[in-house]
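Have a look at the structure below before the remarks.
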Amino acid sequence: MPRIELRNPLAWILGALFAAFACSTSAPASAPPQPPTELSARDKPWDGGGVIFLEWTASTTPLDQLQGYEVLARELGVTAAELADQTERAADAAAERETESLLEGEGIAPEDADQQARLEVRADPVAVPVEQPEWKSIAIVPAGQTDYEATGLEKDRSYEFAIRAIGADKSLSAPSASSPPVVPEAAWFNLSKLPLLVALVLISAAVLVFVVLARGGMVMKIRTIAGLKAVDEAVGRATEMGRSILYINGIQDMDDLQTVAGVTVLGRVAKTAAEYDAKIEVPTSRSLVMTASRETVHASYFSAGRPDAYNPDLIYYVTDEQFGFVAYVSGMMTREKPAACFYMGSFFAESLILAETGNSVGAIQIAGTANPSQLPFFVAACDYTLIGEEFFAASAYLSGQPDQLGSLKGQDVGKILAGLFILVGVVLATIQAISGSTGLEEAVRFLKDVILGS
Amino acid sequence: MQILTRLIPLLITGIAGLVMIVSAFIPYTSEWGKIAGQFFNILAAFAFVLGGGNLLKVHLKKISDQGAGWGYSGVVLVCFLVTLFVGLFKIGTYPNPSYPDVHFSGETQGTGSGFWWAYEYVFKPLTATMFSILAFYVASAAFRAFRAKNFEAILLLGTAFIILLGSVSAGVFLTDWIPNAGPFGDLRLENLRIYIMQVFNTAGTRAIMIGIALGIASTSLKIMLGIDRSFLGSGD
């Protein structure tokens with residue numbers, strides 16, 4: 001093959017001309033798309049604030065030459081103090097995202113995950129805005145779409161919006177004329193939560209009606225819950241063996257309803273222990289839980305007629321740290337070998353460590369939690385497990401009081417309602433899938449997005 | 001009814017609960033819910049002192065009694081006091097650039113501080129050690145749970161077998177001969193695993209979640225209305 005050499009100046013010129021021709025024919029310079037027009041922005045009515053609804057007239061550029069639209073937003077009238085506040089909020093948001101990823105991937109307790117996330121965010125600080133915010137791209141929407149719901153905006157702040165068309169070759173149009181300033185205000189009632197309010201009212205009414213009926217003498221039959229029936233057996237075993245009972249209220253504070261439920265069950269277990277003259281030990285992971293547990297156990301010993309046997313030193317604080325607490329309790333179990341272990345409350349990765357240690361010392365173990373991810377561990381390692389609602393029903397079950405049992409019947413009404421909604425949803429979705437009806441599609445979407453989404 | 005120990009706590013519980021519910025539906029009152037939450041944080045801050053005091057009391061008593069394992073209590077107290085000292089006096093912190101001459105202007109947990117060092121090189125490795133024990137406990141618990149002693153246990157064992165195999169490359173290799181696009185593609189172990197997790201597991205979890213949500217609603221109502229007072233030490 002002859003070798004081509006461009007030594008001749010004429011050959012250079014010809015080559016350059018050829019290259020210029022080739023470029024001009026293979027990649028014609030295309031004009032950027034036309035911007036959309038008539039952009040309007042209005043506050044979304046009846047919401048919790050922070051949402052603006054945008055509409056615009058499509059670009060005159062043909063649809064097949066458009067890739068989509070870029071939505072731009074700008075907050076108006078931001079002061080330096082507000083900028084600093086925004087930076088702090090951005091750091092908080094970054095820490096929250098990091099916390100969520102830690103909670104999702106690992107069984108770390110929320111407080112520990114939060115601490116770790118904040119340290120990581122501090123090591124890699126969020127960029128600090130130093131001047132008035134410029135236009136920010138907040139979304140890209142498809143070419144056929146001419147409206148957009150901007151969410152996550154600050155309530156009661158003023159915003160401007162603009163739209164740019166994106167060409168098929170990713171070229172950008174000039175921004176549209178910006179919208180008039182608009183404020184995403186909060187309504188006095190958040191209508192999107194109406195279905196939730198209706199469900200709340202119905203379930204609360206059902207609970208109250210059954211409480212009143214139970215007080216009026218209506219007999220309430222509750223199915224036997226094996227885990228709760230075994231409480232007497234566990235306490236009796238501890239008494240016979242002369243060993244202690246270990247009771248753990250989870251590792252969360254009193255603002256977690258599971259901890260409250262755990263303290264409630266502790267009251268019943270402590271009363272039985274007082275009657276049997278068994279020793280009950282309650283290490284806690286939060287000092288407020290320690291105080292509440294002491295009050296509860298004291299009252300239980302008092303109502304059992306044995307206030308003299310109550311020893312507050314057996315209910316004590318260990319540490320807030322998840323694995324520090326586990327290390328202490330596991331060590332204590334191995335040394336003291338309790339005859340019965342109760343785990344009632346909110347647990348995370350420590351559930352299996354505690355339950356397996358208890359199993360290895362031969363203790364009879366009863367657990368209850370509403371953290372679904374920890375239930376398999378308790379089921380595998382404990383003798384009895386109260387699953388979800390059984391745990392919340394434990395207090396009523398053990399007390400045997402009519403009004404408490406009535407509240408359980410009220411819960412059943414809630415279950416019937418949930419079952420009916422599931423049935424209706426399944427039937428509608430199935431018929432829609434077969435018939436392809438758009439009306440039914442809308443009904444299914446309403447059930448999924450509005451009813452369940454609230 | 002005792003006013004201080006019963007009536008006032010019940011009123012606080014009821015009012016705080018009502019405020020939280022109202023703030024969830026009426027955006028105008030959303031700040032009220034946050035304020036109610038802040039009150040809890042203030043209480044919890046006081047409780048830190050209570051917890052620290054109790055920790056000292058319990059472990060000093062153990063050391064004094066010289067019962068089994070009293071040496072551990074000594075270790076706890078030394079670590080507690082050293083950490084408290086390092087944190088309170090901001091040992092090793094770098095002052096804030098705006099106030100370079102003021103030692104206490106530095107962040108307690110700032111990178112390079114004594115508290116940060118204790119967290120990074122003592123606390124985190126110890127936590128990781130405890131966490132890593134889980135792997136062994138999972139194995140021992142799985143060994144017990146997967147014994148085929150009855151029909152339900154056999155079902156559990158079979159399902160677990162599919163999930164475990166479908167999650168590792170060996171499982172994918174075993175059923176690699178089934179064409180993915182063919183009519184039997186769903187029988188490949190990795191596809192079976194996805195099916196079980198998305199259909200059976202999700203359905204079961206949602207059923208439990210519905211029960212939990214109803215339990216929480218009912219228990220909250222009982223506590224707010226004072227029907228269940230056992231958490232205040234007065235169940236009966």
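Naming scheme: A, B, ... for chains in displayed order of the structure tokens; residues 1 onward per chain; ligands 1 onward as shown.
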Write out as JSON lines a residue-level contact list of chain B versus chain A with cut-off 7 Å: for each qualifying residue the closest pair of atoms and the distance in Å to one decimal, counting only C-alpha atoms, rows sorted by chain and residue number upward.
{"residue": "B:Phe25", "atom": "CA", "partner": "A:Asn190", "partner_atom": "CA", "distance": 5.6}
{"residue": "B:Ile26", "atom": "CA", "partner": "A:Phe189", "partner_atom": "CA", "distance": 4.6}
{"residue": "B:Pro27", "atom": "CA", "partner": "A:Gly48", "partner_atom": "CA", "distance": 5.1}
{"residue": "B:Tyr28", "atom": "CA", "partner": "A:Trp188", "partner_atom": "CA", "distance": 5.8}
{"residue": "B:Ala44", "atom": "CA", "partner": "A:Leu288", "partner_atom": "CA", "distance": 6.9}
{"residue": "B:Ala47", "atom": "CA", "partner": "A:Ser287", "partner_atom": "CA", "distance": 5.6}
{"residue": "B:Phe48", "atom": "CA", "partner": "A:Ser287", "partner_atom": "CA", "distance": 6.7}
{"residue": "B:Leu50", "atom": "CA", "partner": "A:Ser287", "partner_atom": "CA", "distance": 6.5}
{"residue": "B:Gly51", "atom": "CA", "partner": "A:Ser287", "partner_atom": "CA", "distance": 4.8}
{"residue": "B:Asn54", "atom": "CA", "partner": "A:Tyr317", "partner_atom": "CA", "distance": 6.4}
{"residue": "B:Leu55", "atom": "CA", "partner": "A:Tyr317", "partner_atom": "CA", "distance": 6.2}
{"residue": "B:Thr127", "atom": "CA", "partner": "A:Phe323", "partner_atom": "CA", "distance": 5.7}
{"residue": "B:Met130", "atom": "CA", "partner": "A:Phe323", "partner_atom": "CA", "distance": 6.2}
{"residue": "B:Leu134", "atom": "CA", "partner": "A:Ile353", "partner_atom": "CA", "distance": 6.3}
{"residue": "B:Tyr137", "atom": "CA", "partner": "A:Glu356", "partner_atom": "CA", "distance": 6.4}
{"residue": "B:Ala141", "atom": "CA", "partner": "A:Ala380", "partner_atom": "CA", "distance": 5.9}
{"residue": "B:Ala145", "atom": "CA", "partner": "A:Ala380", "partner_atom": "CA", "distance": 5.2}
{"residue": "B:Thr205", "atom": "CA", "partner": "A:Pro372", "partner_atom": "CA", "distance": 6.9}
{"residue": "B:Ile208", "atom": "CA", "partner": "A:Gly388", "partner_atom": "CA", "distance": 6.2}
{"residue": "B:Gly211", "atom": "CA", "partner": "A:Glu389", "partner_atom": "CA", "distance": 5.1}
{"residue": "B:Ile212", "atom": "CA", "partner": "A:Glu389", "partner_atom": "CA", "distance": 4.8}
{"residue": "B:Leu214", "atom": "CA", "partner": "A:Gln411", "partner_atom": "CA", "distance": 6.0}
{"residue": "B:Gly215", "atom": "CA", "partner": "A:Glu389", "partner_atom": "CA", "distance": 5.1}
{"residue": "B:Ser218", "atom": "CA", "partner": "A:Gln411", "partner_atom": "CA", "distance": 6.6}
{"residue": "B:Thr219", "atom": "CA", "partner": "A:Phe392", "partner_atom": "CA", "distance": 6.7}
{"residue": "B:Ser230", "atom": "CA", "partner": "A:Thr264", "partner_atom": "CA", "distance": 5.4}
{"residue": "B:Phe231", "atom": "CA", "partner": "A:Thr264", "partner_atom": "CA", "distance": 5.1}
{"residue": "B:Leu232", "atom": "CA", "partner": "A:Thr296", "partner_atom": "CA", "distance": 6.2}
{"residue": "B:Gly233", "atom": "CA", "partner": "A:Thr296", "partner_atom": "CA", "distance": 3.7}
{"residue": "B:Ser234", "atom": "CA", "partner": "A:Ala299", "partner_atom": "CA", "distance": 6.3}
Selection from above, C-alpha atoms, as a PDB file, in the first residue's frame, can you write it?
ATOM      1  CA  PHE B  25     -52.661  17.498  60.262  1.00  0.00           C
ATOM      2  CA  ILE B  26     -52.622  21.272  60.648  1.00  0.00           C
ATOM      3  CA  PRO B  27     -49.445  22.765  59.134  1.00  0.00           C
ATOM      4  CA  TYR B  28     -49.976  26.020  61.061  1.00  0.00           C
ATOM      5  CA  ALA B  44     -33.400  13.771  78.666  1.00  0.00           C
ATOM      6  CA  ALA B  47     -31.524  12.525  82.887  1.00  0.00           C
ATOM      7  CA  PHE B  48     -27.884  12.352  81.749  1.00  0.00           C
ATOM      8  CA  LEU B  50     -29.188  11.106  86.799  1.00  0.00           C
ATOM      9  CA  GLY B  51     -27.669   8.306  84.709  1.00  0.00           C
ATOM     10  CA  ASN B  54     -26.429   6.076  89.113  1.00  0.00           C
ATOM     11  CA  LEU B  55     -23.478   4.656  87.189  1.00  0.00           C
ATOM     12  CA  THR B 127     -18.204  -1.434  68.855  1.00  0.00           C
ATOM     13  CA  MET B 130     -19.151  -6.548  69.466  1.00  0.00           C
ATOM     14  CA  LEU B 134     -23.134 -11.323  65.393  1.00  0.00           C
ATOM     15  CA  TYR B 137     -24.476 -15.932  66.648  1.00  0.00           C
ATOM     16  CA  ALA B 141     -29.173 -19.473  65.710  1.00  0.00           C
ATOM     17  CA  ALA B 145     -33.852 -22.733  63.617  1.00  0.00           C
ATOM     18  CA  THR B 205     -43.895  -8.131  56.661  1.00  0.00           C
ATOM     19  CA  ILE B 208     -47.051  -7.586  60.696  1.00  0.00           C
ATOM     20  CA  GLY B 211     -50.845  -5.119  63.178  1.00  0.00           C
ATOM     21  CA  ILE B 212     -48.074  -2.980  64.671  1.00  0.00           C
ATOM     22  CA  LEU B 214     -52.990  -0.644  64.872  1.00  0.00           C
ATOM     23  CA  GLY B 215     -51.318  -1.657  68.132  1.00  0.00           C
ATOM     24  CA  SER B 218     -54.618   1.758  70.240  1.00  0.00           C
ATOM     25  CA  THR B 219     -51.860   1.884  72.876  1.00  0.00           C
ATOM     26  CA  SER B 230     -49.204   1.214  84.284  1.00  0.00           C
ATOM     27  CA  PHE B 231     -46.161   3.082  82.906  1.00  0.00           C
ATOM     28  CA  LEU B 232     -46.668   5.591  85.733  1.00  0.00           C
ATOM     29  CA  GLY B 233     -46.480   2.802  88.265  1.00  0.00           C
ATOM     30  CA  SER B 234     -50.233   2.415  88.634  1.00  0.00           C
TER      31      SER B 234
END
**Request:** Using DSSP on the backbone coordinates, identify all residues within region 272-385 of chain A classified as alpha helix (DSSP H); present the result as a ChimeraX atom specification.
**Result:** /A:272-276,287-303,322-336,350-360,375-381
Can those selected residues be exported to a file as a PDB file, in the first residue's frame so that it contains C-alpha atoms?
ATOM      1  CA  THR A 272     -45.657 -11.891  89.601  1.00  0.00           C
ATOM      2  CA  ALA A 273     -42.002 -11.877  90.699  1.00  0.00           C
ATOM      3  CA  ALA A 274     -42.977 -10.108  93.929  1.00  0.00           C
ATOM      4  CA  GLU A 275     -45.681 -12.700  94.603  1.00  0.00           C
ATOM      5  CA  TYR A 276     -43.224 -15.558  93.969  1.00  0.00           C
ATOM      6  CA  SER A 287     -31.733   6.973  82.542  1.00  0.00           C
ATOM      7  CA  LEU A 288     -35.365   8.031  82.011  1.00  0.00           C
ATOM      8  CA  VAL A 289     -36.257   4.384  81.417  1.00  0.00           C
ATOM      9  CA  MET A 290     -34.501   3.535  84.691  1.00  0.00           C
ATOM     10  CA  THR A 291     -36.624   6.076  86.565  1.00  0.00           C
ATOM     11  CA  ALA A 292     -39.873   4.912  84.951  1.00  0.00           C
ATOM     12  CA  SER A 293     -38.976   1.248  85.569  1.00  0.00           C
ATOM     13  CA  ARG A 294     -38.253   1.949  89.236  1.00  0.00           C
ATOM     14  CA  GLU A 295     -41.631   3.636  89.677  1.00  0.00           C
ATOM     15  CA  THR A 296     -43.395   0.760  87.939  1.00  0.00           C
ATOM     16  CA  VAL A 297     -41.632  -2.031  89.830  1.00  0.00           C
ATOM     17  CA  HIS A 298     -42.120  -0.199  93.119  1.00  0.00           C
ATOM     18  CA  ALA A 299     -45.865   0.046  92.437  1.00  0.00           C
ATOM     19  CA  SER A 300     -45.964  -3.647  91.494  1.00  0.00           C
ATOM     20  CA  TYR A 301     -44.276  -4.732  94.717  1.00  0.00           C
ATOM     21  CA  PHE A 302     -46.644  -2.473  96.614  1.00  0.00           C
ATOM     22  CA  SER A 303     -49.754  -3.911  94.944  1.00  0.00           C
ATOM     23  CA  GLN A 322     -25.840   0.148  71.903  1.00  0.00           C
ATOM     24  CA  PHE A 323     -22.941  -2.284  71.938  1.00  0.00           C
ATOM     25  CA  GLY A 324     -21.601  -1.073  75.275  1.00  0.00           C
ATOM     26  CA  PHE A 325     -24.951  -2.032  76.774  1.00  0.00           C
ATOM     27  CA  VAL A 326     -24.881  -5.392  74.998  1.00  0.00           C
ATOM     28  CA  ALA A 327     -21.350  -6.085  76.244  1.00  0.00           C
ATOM     29  CA  TYR A 328     -22.421  -5.395  79.836  1.00  0.00           C
ATOM     30  CA  VAL A 329     -25.634  -7.444  79.691  1.00  0.00           C
ATOM     31  CA  SER A 330     -23.983 -10.381  77.908  1.00  0.00           C
ATOM     32  CA  GLY A 331     -21.187 -10.448  80.483  1.00  0.00           C
ATOM     33  CA  MET A 332     -23.674 -10.236  83.321  1.00  0.00           C
ATOM     34  CA  MET A 333     -25.749 -13.101  81.848  1.00  0.00           C
ATOM     35  CA  THR A 334     -22.682 -15.297  81.503  1.00  0.00           C
ATOM     36  CA  ARG A 335     -21.596 -14.612  85.100  1.00  0.00           C
ATOM     37  CA  GLU A 336     -24.945 -14.702  86.884  1.00  0.00           C
ATOM     38  CA  GLU A 350     -28.141  -6.478  69.618  1.00  0.00           C
ATOM     39  CA  SER A 351     -31.275  -8.657  69.692  1.00  0.00           C
ATOM     40  CA  LEU A 352     -29.516 -11.809  68.512  1.00  0.00           C
ATOM     41  CA  ILE A 353     -26.436 -11.280  70.704  1.00  0.00           C
ATOM     42  CA  LEU A 354     -28.630 -10.998  73.798  1.00  0.00           C
ATOM     43  CA  ALA A 355     -30.958 -13.854  72.862  1.00  0.00           C
ATOM     44  CA  GLU A 356     -28.146 -16.240  71.917  1.00  0.00           C
ATOM     45  CA  THR A 357     -26.245 -15.482  75.118  1.00  0.00           C
ATOM     46  CA  GLY A 358     -29.431 -16.136  77.097  1.00  0.00           C
ATOM     47  CA  ASN A 359     -29.922 -19.363  75.208  1.00  0.00           C
ATOM     48  CA  SER A 360     -26.363 -20.464  75.930  1.00  0.00           C
ATOM     49  CA  LEU A 375     -38.379 -10.669  64.866  1.00  0.00           C
ATOM     50  CA  PRO A 376     -36.673 -13.572  62.998  1.00  0.00           C
ATOM     51  CA  PHE A 377     -33.730 -13.417  65.408  1.00  0.00           C
ATOM     52  CA  PHE A 378     -35.955 -13.548  68.458  1.00  0.00           C
ATOM     53  CA  VAL A 379     -38.060 -16.335  66.934  1.00  0.00           C
ATOM     54  CA  ALA A 380     -34.893 -18.348  66.268  1.00  0.00           C
ATOM     55  CA  ALA A 381     -33.266 -17.835  69.658  1.00  0.00           C
TER      56      ALA A 381
END
**Message:** Residues near Leu164 (chain B), anyone? I mean within 12 Å using only C-alpha atoms, not counting same-chain ones fewer than 2 positions away, as a PyMOL selection string.
**Reply:** chain B and resi 142+156-162+166-172+189-190+192-194+196-197
Could you write out that same residue set with C-alpha atoms as an mmCIF file, in the first residue's frame?
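The new file again-v9.cif reads:
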data_model
loop_
_atom_site.group_PDB
_atom_site.id
_atom_site.type_symbol
_atom_site.label_atom_id
_atom_site.label_comp_id
_atom_site.auth_asym_id
_atom_site.auth_seq_id
_atom_site.Cartn_x
_atom_site.Cartn_y
_atom_site.Cartn_z
ATOM 1 C CA ALA B 142 -29.616 -20.602 62.091
ATOM 2 C CA LEU B 156 -38.537 -22.798 56.631
ATOM 3 C CA LEU B 157 -35.438 -24.842 55.907
ATOM 4 C CA GLY B 158 -36.320 -25.198 52.214
ATOM 5 C CA THR B 159 -37.030 -21.484 51.819
ATOM 6 C CA ALA B 160 -33.846 -20.515 53.628
ATOM 7 C CA PHE B 161 -31.916 -22.928 51.400
ATOM 8 C CA ILE B 162 -33.234 -21.230 48.247
ATOM 9 C CA GLY B 166 -29.775 -17.602 45.355
ATOM 10 C CA SER B 167 -27.681 -14.965 47.093
ATOM 11 C CA VAL B 168 -24.304 -16.507 46.272
ATOM 12 C CA SER B 169 -22.554 -17.210 43.005
ATOM 13 C CA ALA B 170 -22.633 -20.977 43.601
ATOM 14 C CA GLY B 171 -26.436 -20.891 43.471
ATOM 15 C CA VAL B 172 -26.429 -18.934 40.230
ATOM 16 C CA LEU B 189 -32.288 -19.832 42.007
ATOM 17 C CA GLU B 190 -31.505 -16.119 41.824
ATOM 18 C CA LEU B 192 -36.683 -17.677 42.922
ATOM 19 C CA ARG B 193 -34.920 -15.736 45.660
ATOM 20 C CA ILE B 194 -36.211 -12.422 44.287
ATOM 21 C CA ILE B 196 -39.765 -15.154 47.552
ATOM 22 C CA MET B 197 -38.410 -11.878 48.935
#
**Polymer residues at most 9 Å from Gly362 (chain A), only C-alpha atoms, same-chain spacing of 6 or more positions, as a PyMOL selection string** = chain A and resi 337-340
**Prompt:** Can you list, as an MDAnalysis selection string, every residue of region 140-370 of chain A that DSSP puts in strand (DSSP E or B)?
**Reply:** chainID A and resid 140:142 147:150 159:167 172 182 245:250 280:284 315:317 340:346 364:369
Writing out the chosen residues with C-alpha atoms as an mmCIF file, in the first residue's frame:
data_model
loop_
_atom_site.group_PDB
_atom_site.id
_atom_site.type_symbol
_atom_site.label_atom_id
_atom_site.label_comp_id
_atom_site.auth_asym_id
_atom_site.auth_seq_id
_atom_site.Cartn_x
_atom_site.Cartn_y
_atom_site.Cartn_z
ATOM 1 C CA ILE A 140 -35.497 17.688 34.239
ATOM 2 C CA VAL A 141 -38.864 16.663 32.789
ATOM 3 C CA PRO A 142 -39.614 14.799 29.519
ATOM 4 C CA ASP A 147 -46.243 20.982 34.021
ATOM 5 C CA TYR A 148 -44.252 20.195 37.135
ATOM 6 C CA GLU A 149 -44.815 20.099 40.901
ATOM 7 C CA ALA A 150 -41.811 21.644 42.649
ATOM 8 C CA TYR A 159 -39.405 31.890 44.755
ATOM 9 C CA GLU A 160 -38.994 32.607 41.048
ATOM 10 C CA PHE A 161 -39.004 29.906 38.386
ATOM 11 C CA ALA A 162 -37.835 29.620 34.779
ATOM 12 C CA ILE A 163 -37.743 26.786 32.228
ATOM 13 C CA ARG A 164 -35.152 25.904 29.585
ATOM 14 C CA ALA A 165 -35.745 23.544 26.695
ATOM 15 C CA ILE A 166 -33.107 20.855 26.130
ATOM 16 C CA GLY A 167 -32.422 19.978 22.515
ATOM 17 C CA LEU A 172 -29.996 24.478 25.956
ATOM 18 C CA VAL A 182 -44.670 32.981 44.419
ATOM 19 C CA ILE A 245 -35.003 -12.804 86.292
ATOM 20 C CA LEU A 246 -33.447 -10.473 83.741
ATOM 21 C CA TYR A 247 -35.709 -7.874 82.148
ATOM 22 C CA ILE A 248 -34.557 -5.629 79.261
ATOM 23 C CA ASN A 249 -36.777 -2.725 78.116
ATOM 24 C CA GLY A 250 -35.053 -2.382 74.749
ATOM 25 C CA ILE A 280 -35.843 -9.264 89.132
ATOM 26 C CA GLU A 281 -32.935 -7.286 87.675
ATOM 27 C CA VAL A 282 -33.495 -4.490 85.145
ATOM 28 C CA PRO A 283 -30.399 -2.957 83.520
ATOM 29 C CA THR A 284 -31.459 -0.022 81.342
ATOM 30 C CA ILE A 315 -32.938 -1.339 88.374
ATOM 31 C CA TYR A 316 -29.967 0.627 87.158
ATOM 32 C CA TYR A 317 -28.490 2.551 84.250
ATOM 33 C CA ALA A 340 -35.520 -16.264 82.817
ATOM 34 C CA CYS A 341 -34.845 -13.464 80.363
ATOM 35 C CA PHE A 342 -37.439 -11.006 79.072
ATOM 36 C CA TYR A 343 -36.670 -8.759 76.106
ATOM 37 C CA MET A 344 -39.555 -6.325 75.660
ATOM 38 C CA GLY A 345 -39.051 -3.157 73.663
ATOM 39 C CA SER A 346 -37.222 -1.732 70.701
ATOM 40 C CA ILE A 364 -36.195 -19.521 79.442
ATOM 41 C CA GLN A 365 -36.595 -16.539 77.143
ATOM 42 C CA ILE A 366 -39.616 -14.424 76.183
ATOM 43 C CA ALA A 367 -39.213 -11.578 73.717
ATOM 44 C CA GLY A 368 -41.511 -8.946 72.265
ATOM 45 C CA THR A 369 -40.756 -6.222 69.761
#
**Message:** As an exercise, work out the distance from CA of Gly74 (chain B) to CA of Phe123 (chain B) in Å and give it to one decimal place.
**Reply:**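 Calculated distance between CA of Gly74 (chain B) and CA of Phe123 (chain B) is 17.8 Å.
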**Message:** Give me the residues near region 93-99 of chain B as a VMD selection string, where near means some atom within 9 Å (using only C-alpha atoms) and where sequence neighbours in that chain fewer than 5 positions away do not count.
**Reply:** chain B and resid 104 to 116
**Request:** Quote the spacing between CA of Lys448 (chain A) and CA of Leu423 (chain A) in Å to one decimal place.
**Result:**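 Answer for the CA of Lys448 (chain A) to CA of Leu423 (chain A) separation: 13.1 Å.
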**Request:** Determine, counting only C-alpha atoms, which protein, DNA and RNA residues have an atom within 9 Å of an atom of region 96-104 of chain A; residues of the same chain fewer than 6 positions away are not included. Present the result as a PyMOL selection string.
**Result:** chain A and resi 110-118+120-121
